[in-house]
Amino acid sequence: MQVNKIGANIKFSFINYIIVNALKFMVRMVFVRTLSIEYLGINGLFTNILAMLSLAELGVAPAIVYSMYKPLAVGDKETVKSIMQLFKRVYITIGVVILAAGLCVYPWLDSFIKDKPDIPELHYFYLVFLLNTGVSYFWSYQRNLLIADQKQYYVNIYQAAAQTIVGILQIIFLLIITSYWSFVILMLLGTVLENVTIANKAKKEYPYLKEAAGTLDKSIKGQIIRNTKAMVIHKIGGAVVFSTSNIILSKFVGLTAVGLYSNYYMVIGAMNAFASKFFEAITASIGNMMVVDSKEQQQRAFHIIELLTAFQAALISVGLYVMFNPFIELWLGKAYLFDSITVLCIVVSFYFIYMRKTVLMYKDACGLFWNDRYKPIAESIINLVASIYLAIHYGVIGVVCGGIISTLATCFWVEPYILFRYGLNLKLKDYFINYFKFTTATLICAVVSKVAYGYLFIQGNIVNFVAGMVLCVADTTVIWLLLFKNREEMQYIIRVVKSKIKRAA
């Protein structure tokens, strides 16, 4: 693996994460104080509808990015040009299809909303959301070349700059004219700005893309088509599981529930973005490693990343379990709180999803899109049936539990089974033993931190919140070090951290 590129990717990923998410939370805080909760519900609903329409992308990006790892590693510019030419044609087509499909949905918008609010411009807002999703495909294909070539940091820099400008302007316009129109128009302009600037950077980095591209090798094209066919099912399954919650809530519970739910999942989204920045920064390097390194090196890297992922999952889950409602209360107010049982279910769902990330990253890096192509079908059916049934009877908590049920019934065991059988040649039993140990450690951390916070802090204020976060981080870190300090992977991580500290000093 190219450590320098990994380091740069991780550094700029987290700078981007901090800037973008700090602004998102500030924008949301101003949003709920200037506009009604129904507008918040619209935001969540339209985002989910457009995510479903993005099924037109059909998983093309992962399949094509995977096909670029080898030619980039060996400097095969002709193959890269041919792949990018294919990428361009496919993504422009996808953008047009999404816009057309979105217009077909337009007449039926009211059927997605229970107790439709009195917002005359509702349908026009949807059209702006539709444009925001569709037009991004006309430029965004070029960022994938930077990502595949381990230059994610360029994407992060331009993304942070564009979203900073948009976030600041959204806050200013919300405070001055209190208009949802200004919010959505700025969102659209920000998407165009971000994609155009990243596309221009890709053209400068790879000037040979301007040259005429040859015919793509049939074997590579066949591999892309095969992997894309498999990713179609994965894409559909992922959309059903992760992009129907707000639609189900809007239909069976109401837009107010969508608004409350979207606040919690904005926080969850920020935590997942934290993970994504780490994994996006190293995925291309893992893909490179799967091409050039030995099986033993691949397995060793997997165990190190597995431990890091489990620690991240513990750290974030414990913090959310103890501090989720105190944060929402400080950020938005008591009127936006869920009960403790609903919060616990949201955190459990987050934990199971986060713990999948190492396996999913390695599956993508190994190109194992075809092998578990039927898993998303089972997952989506279980999720949809369970979520609708439970939402009707139990509301928000039912939708969350539907996701947990589908994850445990499918992803929990299918994904590692496929990876270890066809990719890394590791034992599934050892993976689940580690999983059990990591989960037990997380439960211990959660109980200790919850009890300690309840004993030490009674009033909800910013000082106690910061102290509570420090408490959760300290408890989790100390307990993990005590429990896993003798593991080879932990010893390696400790050595790396010490060396970084020495260099900094």
# chains A, B, ... in the order shown; residues from 1 in each chain; ligands from 1
call {"tool": "closest_atom_pairs", "arguments": {"of": "stretch 6-65 of chain A", "to": "stretch 174-180 of chain A", "cutoff": "10 Å", "atoms": "only C-alpha atoms", "output": "JSON lines"}}
result
{"residue": "A:Val27", "atom": "CA", "partner": "A:Leu174", "partner_atom": "CA", "distance": 8.8}
{"residue": "A:Val30", "atom": "CA", "partner": "A:Leu174", "partner_atom": "CA", "distance": 7.2}
{"residue": "A:Phe31", "atom": "CA", "partner": "A:Leu174", "partner_atom": "CA", "distance": 7.0}
{"residue": "A:Arg33", "atom": "CA", "partner": "A:Leu175", "partner_atom": "CA", "distance": 9.2}
{"residue": "A:Thr34", "atom": "CA", "partner": "A:Thr178", "partner_atom": "CA", "distance": 6.0}
{"residue": "A:Leu35", "atom": "CA", "partner": "A:Thr178", "partner_atom": "CA", "distance": 7.0}
{"residue": "A:Tyr39", "atom": "CA", "partner": "A:Tyr180", "partner_atom": "CA", "distance": 7.8}
call {"tool": "residues_around", "arguments": {"residues": "stretch 371-381 of chain A", "least_positions_apart": "4", "cutoff": "9 Å", "atoms": "only C-alpha atoms", "output": "compact mmCIF listing (two decimals) with N, CA and C atoms, in the first residue's frame"}}
result
# COMPACT_ATOMS: atom_id res chain seq x y z
N LYS A 229 -24.11 -6.02 -13.51
CA LYS A 229 -25.33 -6.84 -13.35
C LYS A 229 -25.53 -7.23 -11.90
N ALA A 230 -24.43 -7.62 -11.26
CA ALA A 230 -24.52 -7.99 -9.85
C ALA A 230 -24.83 -6.77 -8.98
N MET A 231 -24.22 -5.62 -9.32
CA MET A 231 -24.41 -4.42 -8.52
C MET A 231 -25.81 -3.85 -8.68
N VAL A 232 -26.51 -4.17 -9.78
CA VAL A 232 -27.89 -3.75 -9.94
C VAL A 232 -28.72 -4.23 -8.75
N ILE A 233 -28.55 -5.50 -8.42
CA ILE A 233 -29.32 -6.09 -7.32
C ILE A 233 -28.88 -5.48 -6.00
N HIS A 234 -27.56 -5.29 -5.82
CA HIS A 234 -27.07 -4.66 -4.60
C HIS A 234 -27.63 -3.24 -4.46
N LYS A 235 -27.69 -2.52 -5.57
CA LYS A 235 -28.18 -1.15 -5.55
C LYS A 235 -29.65 -1.11 -5.16
N ILE A 236 -30.44 -2.00 -5.74
CA ILE A 236 -31.86 -2.05 -5.41
C ILE A 236 -32.05 -2.40 -3.94
N GLY A 237 -31.32 -3.40 -3.47
CA GLY A 237 -31.41 -3.80 -2.07
C GLY A 237 -31.03 -2.68 -1.14
N GLY A 238 -29.93 -1.98 -1.46
CA GLY A 238 -29.48 -0.87 -0.63
C GLY A 238 -30.49 0.27 -0.60
N ALA A 239 -31.10 0.55 -1.75
CA ALA A 239 -32.10 1.63 -1.83
C ALA A 239 -33.32 1.30 -0.99
N VAL A 240 -33.77 0.05 -1.07
CA VAL A 240 -34.95 -0.35 -0.29
C VAL A 240 -34.67 -0.26 1.20
N VAL A 241 -33.47 -0.68 1.61
CA VAL A 241 -33.14 -0.71 3.04
C VAL A 241 -32.88 0.69 3.58
N VAL A 385 -41.11 -5.59 4.31
CA VAL A 385 -42.26 -6.21 4.99
C VAL A 385 -42.23 -5.88 6.48
N ALA A 386 -41.07 -6.07 7.11
CA ALA A 386 -40.95 -5.82 8.55
C ALA A 386 -41.18 -4.35 8.89
N GLY A 403 -35.13 -2.51 9.96
CA GLY A 403 -33.76 -2.50 9.43
C GLY A 403 -32.84 -3.45 10.19
N SER A 406 -33.62 -7.13 9.14
CA SER A 406 -33.11 -7.50 7.81
C SER A 406 -31.59 -7.62 7.81
N THR A 407 -30.90 -6.78 8.57
CA THR A 407 -29.43 -6.85 8.64
C THR A 407 -28.98 -8.16 9.27
N ALA A 409 -30.61 -10.93 9.53
CA ALA A 409 -31.05 -12.11 8.77
C ALA A 409 -30.21 -12.35 7.52
N THR A 410 -29.51 -11.32 7.03
CA THR A 410 -28.79 -11.47 5.76
C THR A 410 -27.34 -10.98 5.83
N CYS A 411 -27.15 -9.67 5.86
CA CYS A 411 -25.81 -9.08 5.74
C CYS A 411 -24.85 -9.57 6.81
N VAL A 414 -23.83 -13.27 5.54
CA VAL A 414 -23.59 -13.54 4.12
C VAL A 414 -22.33 -12.81 3.63
N GLU A 415 -22.20 -11.54 3.96
CA GLU A 415 -21.08 -10.74 3.45
C GLU A 415 -19.71 -11.27 3.88
N ILE A 418 -18.94 -14.62 1.99
CA ILE A 418 -18.51 -14.44 0.60
C ILE A 418 -17.07 -13.95 0.53
N TYR A 422 -14.17 -16.39 -1.13
CA TYR A 422 -13.70 -16.07 -2.48
C TYR A 422 -12.60 -15.00 -2.53
call {"tool": "residues_around", "arguments": {"residues": "A:Thr215", "least_positions_apart": "4", "cutoff": "12 Å", "atoms": "only C-alpha atoms", "output": "MDAnalysis selection string"}}
result
chainID A and resid 78:86 219:221
call {"tool": "write_last_selection", "arguments": {"atoms": "N, CA, C and O atoms", "output": "mmCIF file, in the first residue's frame"}}
result
data_model
loop_
_atom_site.group_PDB
_atom_site.id
_atom_site.type_symbol
_atom_site.label_atom_id
_atom_site.label_comp_id
_atom_site.auth_asym_id
_atom_site.auth_seq_id
_atom_site.Cartn_x
_atom_site.Cartn_y
_atom_site.Cartn_z
ATOM 1 N N GLU A 78 -4.013 4.021 -22.051
ATOM 2 C CA GLU A 78 -4.977 3.732 -23.114
ATOM 3 C C GLU A 78 -6.228 3.066 -22.547
ATOM 4 O O GLU A 78 -7.360 3.409 -22.913
ATOM 5 N N THR A 79 -6.010 2.112 -21.637
ATOM 6 C CA THR A 79 -7.158 1.428 -21.020
ATOM 7 C C THR A 79 -7.945 2.395 -20.142
ATOM 8 O O THR A 79 -9.178 2.386 -20.138
ATOM 9 N N VAL A 80 -7.244 3.251 -19.392
ATOM 10 C CA VAL A 80 -7.914 4.241 -18.546
ATOM 11 C C VAL A 80 -8.784 5.161 -19.394
ATOM 12 O O VAL A 80 -9.939 5.453 -19.046
ATOM 13 N N LYS A 81 -8.252 5.640 -20.533
ATOM 14 C CA LYS A 81 -9.024 6.510 -21.423
ATOM 15 C C LYS A 81 -10.287 5.807 -21.925
ATOM 16 O O LYS A 81 -11.365 6.399 -21.956
ATOM 17 N N SER A 82 -10.138 4.556 -22.300
ATOM 18 C CA SER A 82 -11.287 3.802 -22.822
ATOM 19 C C SER A 82 -12.349 3.598 -21.748
ATOM 20 O O SER A 82 -13.551 3.718 -22.016
ATOM 21 N N ILE A 83 -11.901 3.281 -20.532
ATOM 22 C CA ILE A 83 -12.846 3.084 -19.425
ATOM 23 C C ILE A 83 -13.579 4.386 -19.109
ATOM 24 O O ILE A 83 -14.794 4.402 -18.893
ATOM 25 N N MET A 84 -12.841 5.508 -19.074
ATOM 26 C CA MET A 84 -13.466 6.789 -18.752
ATOM 27 C C MET A 84 -14.447 7.234 -19.843
ATOM 28 O O MET A 84 -15.461 7.878 -19.557
ATOM 29 N N GLN A 85 -14.155 6.890 -21.091
ATOM 30 C CA GLN A 85 -15.084 7.211 -22.172
ATOM 31 C C GLN A 85 -16.399 6.458 -21.973
ATOM 32 O O GLN A 85 -17.486 7.011 -22.162
ATOM 33 N N LEU A 86 -16.281 5.186 -21.567
ATOM 34 C CA LEU A 86 -17.475 4.393 -21.264
ATOM 35 C C LEU A 86 -18.223 4.999 -20.080
ATOM 36 O O LEU A 86 -19.458 5.125 -20.098
ATOM 37 N N SER A 219 -12.444 -8.232 -22.690
ATOM 38 C CA SER A 219 -12.440 -8.912 -21.391
ATOM 39 C C SER A 219 -12.757 -7.928 -20.260
ATOM 40 O O SER A 219 -13.483 -8.258 -19.308
ATOM 41 N N ILE A 220 -12.201 -6.682 -20.353
ATOM 42 C CA ILE A 220 -12.472 -5.670 -19.333
ATOM 43 C C ILE A 220 -13.936 -5.237 -19.405
ATOM 44 O O ILE A 220 -14.612 -5.116 -18.375
ATOM 45 N N LYS A 221 -14.420 -5.033 -20.623
ATOM 46 C CA LYS A 221 -15.818 -4.634 -20.788
ATOM 47 C C LYS A 221 -16.754 -5.729 -20.271
ATOM 48 O O LYS A 221 -17.763 -5.440 -19.611
#
call {"tool": "residues_around", "arguments": {"residues": "A:Ala202", "least_positions_apart": "4", "cutoff": "8 Å", "atoms": "only C-alpha atoms", "output": "MDAnalysis selection string"}}
result
chainID A and resid 142:143 145:146 198 206
call {"tool": "closest_residue", "arguments": {"among": "A:Asn464, A:Asn263, A:Gln152, A:Gln491", "to": "A:Leu332", "atoms": "only C-alpha atoms"}}
result
A:Asn263
call {"tool": "closest_residue", "arguments": {"among": "A:Val20, A:Met29, A:Ala213, A:Val253", "to": "A:Val166", "atoms": "only C-alpha atoms"}}
result
A:Val20
call {"tool": "atom_distance", "arguments": {"atom1": "atom CA of A:Asp149", "atom2": "atom CA of A:Asn195"}}
result
17.8 Å
call {"tool": "atom_distance", "arguments": {"atom1": "atom CA of A:Val318", "atom2": "atom CA of A:Ser449"}}
result
7.4 Å
call {"tool": "closest_residue", "arguments": {"among": "A:Ile494, A:Leu40, A:Leu109, A:Leu483", "to": "A:Ala257", "atoms": "only C-alpha atoms"}}
result
A:Leu40
call {"tool": "closest_residue", "arguments": {"among": "A:Cys345, A:Ile405, A:Ile397, A:Ile305", "to": "A:Leu360", "atoms": "only C-alpha atoms"}}
result
A:Ile305
call {"tool": "atom_distance", "arguments": {"atom1": "atom CA of A:Tyr362", "atom2": "atom CA of A:Met289"}}
result
10.6 Å
call {"tool": "closest_residue", "arguments": {"among": "A:Leu419, A:Trp108, A:Leu443, A:Tyr124", "to": "A:Tyr321", "atoms": "only C-alpha atoms"}}
result
A:Leu443
call {"tool": "closest_residue", "arguments": {"among": "A:Phe12, A:Thr256, A:Ile92, A:Gln150", "to": "A:Ala73", "atoms": "only C-alpha atoms"}}
result
A:Gln150
call {"tool": "residues_around", "arguments": {"residues": "A:Trp331", "least_positions_apart": "2", "cutoff": "10 Å", "atoms": "only C-alpha atoms", "output": "PDB file with N, CA, C and O atoms, in the first residue's frame"}}
result
ATOM      1  N   PHE A  25     -24.796  21.019  10.603  1.00  0.00           N
ATOM      2  CA  PHE A  25     -25.490  21.136  11.881  1.00  0.00           C
ATOM      3  C   PHE A  25     -25.892  22.578  12.162  1.00  0.00           C
ATOM      4  O   PHE A  25     -26.962  22.839  12.721  1.00  0.00           O
ATOM      5  N   MET A  26     -25.052  23.520  11.759  1.00  0.00           N
ATOM      6  CA  MET A  26     -25.406  24.930  11.929  1.00  0.00           C
ATOM      7  C   MET A  26     -26.583  25.298  11.036  1.00  0.00           C
ATOM      8  O   MET A  26     -27.506  26.004  11.467  1.00  0.00           O
ATOM      9  N   ARG A  28     -28.905  23.249   9.921  1.00  0.00           N
ATOM     10  CA  ARG A  28     -30.113  22.603  10.459  1.00  0.00           C
ATOM     11  C   ARG A  28     -30.648  23.368  11.677  1.00  0.00           C
ATOM     12  O   ARG A  28     -31.868  23.513  11.841  1.00  0.00           O
ATOM     13  N   MET A  29     -29.772  23.858  12.524  1.00  0.00           N
ATOM     14  CA  MET A  29     -30.174  24.606  13.707  1.00  0.00           C
ATOM     15  C   MET A  29     -30.933  25.877  13.296  1.00  0.00           C
ATOM     16  O   MET A  29     -31.980  26.202  13.869  1.00  0.00           O
ATOM     17  N   ASN A 325     -29.648  12.071  23.127  1.00  0.00           N
ATOM     18  CA  ASN A 325     -30.710  13.004  23.517  1.00  0.00           C
ATOM     19  C   ASN A 325     -30.186  14.300  24.142  1.00  0.00           C
ATOM     20  O   ASN A 325     -30.729  15.379  23.852  1.00  0.00           O
ATOM     21  N   PRO A 326     -29.149  14.239  24.996  1.00  0.00           N
ATOM     22  CA  PRO A 326     -28.586  15.512  25.474  1.00  0.00           C
ATOM     23  C   PRO A 326     -28.124  16.424  24.333  1.00  0.00           C
ATOM     24  O   PRO A 326     -28.290  17.643  24.401  1.00  0.00           O
ATOM     25  N   PHE A 327     -27.571  15.812  23.259  1.00  0.00           N
ATOM     26  CA  PHE A 327     -27.124  16.617  22.120  1.00  0.00           C
ATOM     27  C   PHE A 327     -28.305  17.228  21.375  1.00  0.00           C
ATOM     28  O   PHE A 327     -28.302  18.433  21.060  1.00  0.00           O
ATOM     29  N   ILE A 328     -29.329  16.415  21.080  1.00  0.00           N
ATOM     30  CA  ILE A 328     -30.504  16.913  20.361  1.00  0.00           C
ATOM     31  C   ILE A 328     -31.176  18.039  21.149  1.00  0.00           C
ATOM     32  O   ILE A 328     -31.600  19.052  20.583  1.00  0.00           O
ATOM     33  N   GLU A 329     -31.249  17.874  22.478  1.00  0.00           N
ATOM     34  CA  GLU A 329     -31.870  18.900  23.320  1.00  0.00           C
ATOM     35  C   GLU A 329     -31.093  20.214  23.268  1.00  0.00           C
ATOM     36  O   GLU A 329     -31.684  21.295  23.148  1.00  0.00           O
ATOM     37  N   GLY A 333     -33.665  21.496  20.910  1.00  0.00           N
ATOM     38  CA  GLY A 333     -34.669  21.695  21.950  1.00  0.00           C
ATOM     39  C   GLY A 333     -35.408  20.410  22.300  1.00  0.00           C
ATOM     40  O   GLY A 333     -35.393  19.426  21.555  1.00  0.00           O
ATOM     41  N   LYS A 334     -36.088  20.412  23.449  1.00  0.00           N
ATOM     42  CA  LYS A 334     -36.783  19.211  23.953  1.00  0.00           C
ATOM     43  C   LYS A 334     -37.909  18.746  23.038  1.00  0.00           C
ATOM     44  O   LYS A 334     -38.273  17.568  23.036  1.00  0.00           O
ATOM     45  N   TYR A 336     -37.905  18.157  20.064  1.00  0.00           N
ATOM     46  CA  TYR A 336     -37.420  17.318  18.963  1.00  0.00           C
ATOM     47  C   TYR A 336     -36.847  15.981  19.455  1.00  0.00           C
ATOM     48  O   TYR A 336     -36.157  15.289  18.709  1.00  0.00           O
ATOM     49  N   ILE A 462     -24.051  22.796  28.113  1.00  0.00           N
ATOM     50  CA  ILE A 462     -22.944  22.560  27.190  1.00  0.00           C
ATOM     51  C   ILE A 462     -21.703  22.033  27.902  1.00  0.00           C
ATOM     52  O   ILE A 462     -20.988  21.177  27.369  1.00  0.00           O
TER      53      ILE A 462
END
call {"tool": "residues_around", "arguments": {"residues": "A:Pro416", "least_positions_apart": "6", "cutoff": "12 Å", "atoms": "only C-alpha atoms", "output": "VMD selection string"}}
result
chain A and resid 302 306 355 to 363 368 371 to 372 410 422 to 432 435
call {"tool": "select_by_dssp", "arguments": {"residues": "stretch 295-456 of chain A", "states": "alpha helix (DSSP H)", "output": "ChimeraX atom specification"}}
result
/A:295-331,340-354,357-366,375-394,396-406,412-419,428-456
call {"tool": "residues_around", "arguments": {"residues": "A:Phe465", "least_positions_apart": "2", "cutoff": "12 Å", "atoms": "only C-alpha atoms", "output": "list in words"}}
result
Gly319, Leu320, Val322, Met323, Phe324, Asn325, Pro326, Phe327, Ile328, Glu329, Leu330, Trp331, Tyr453, Gly454, Leu456, Phe457, Ile458, Gln459, Gly460, Asn461, Ile462, Val463, Ala467, Gly468, Met469, Val470, Leu471 and Cys472 of chain A
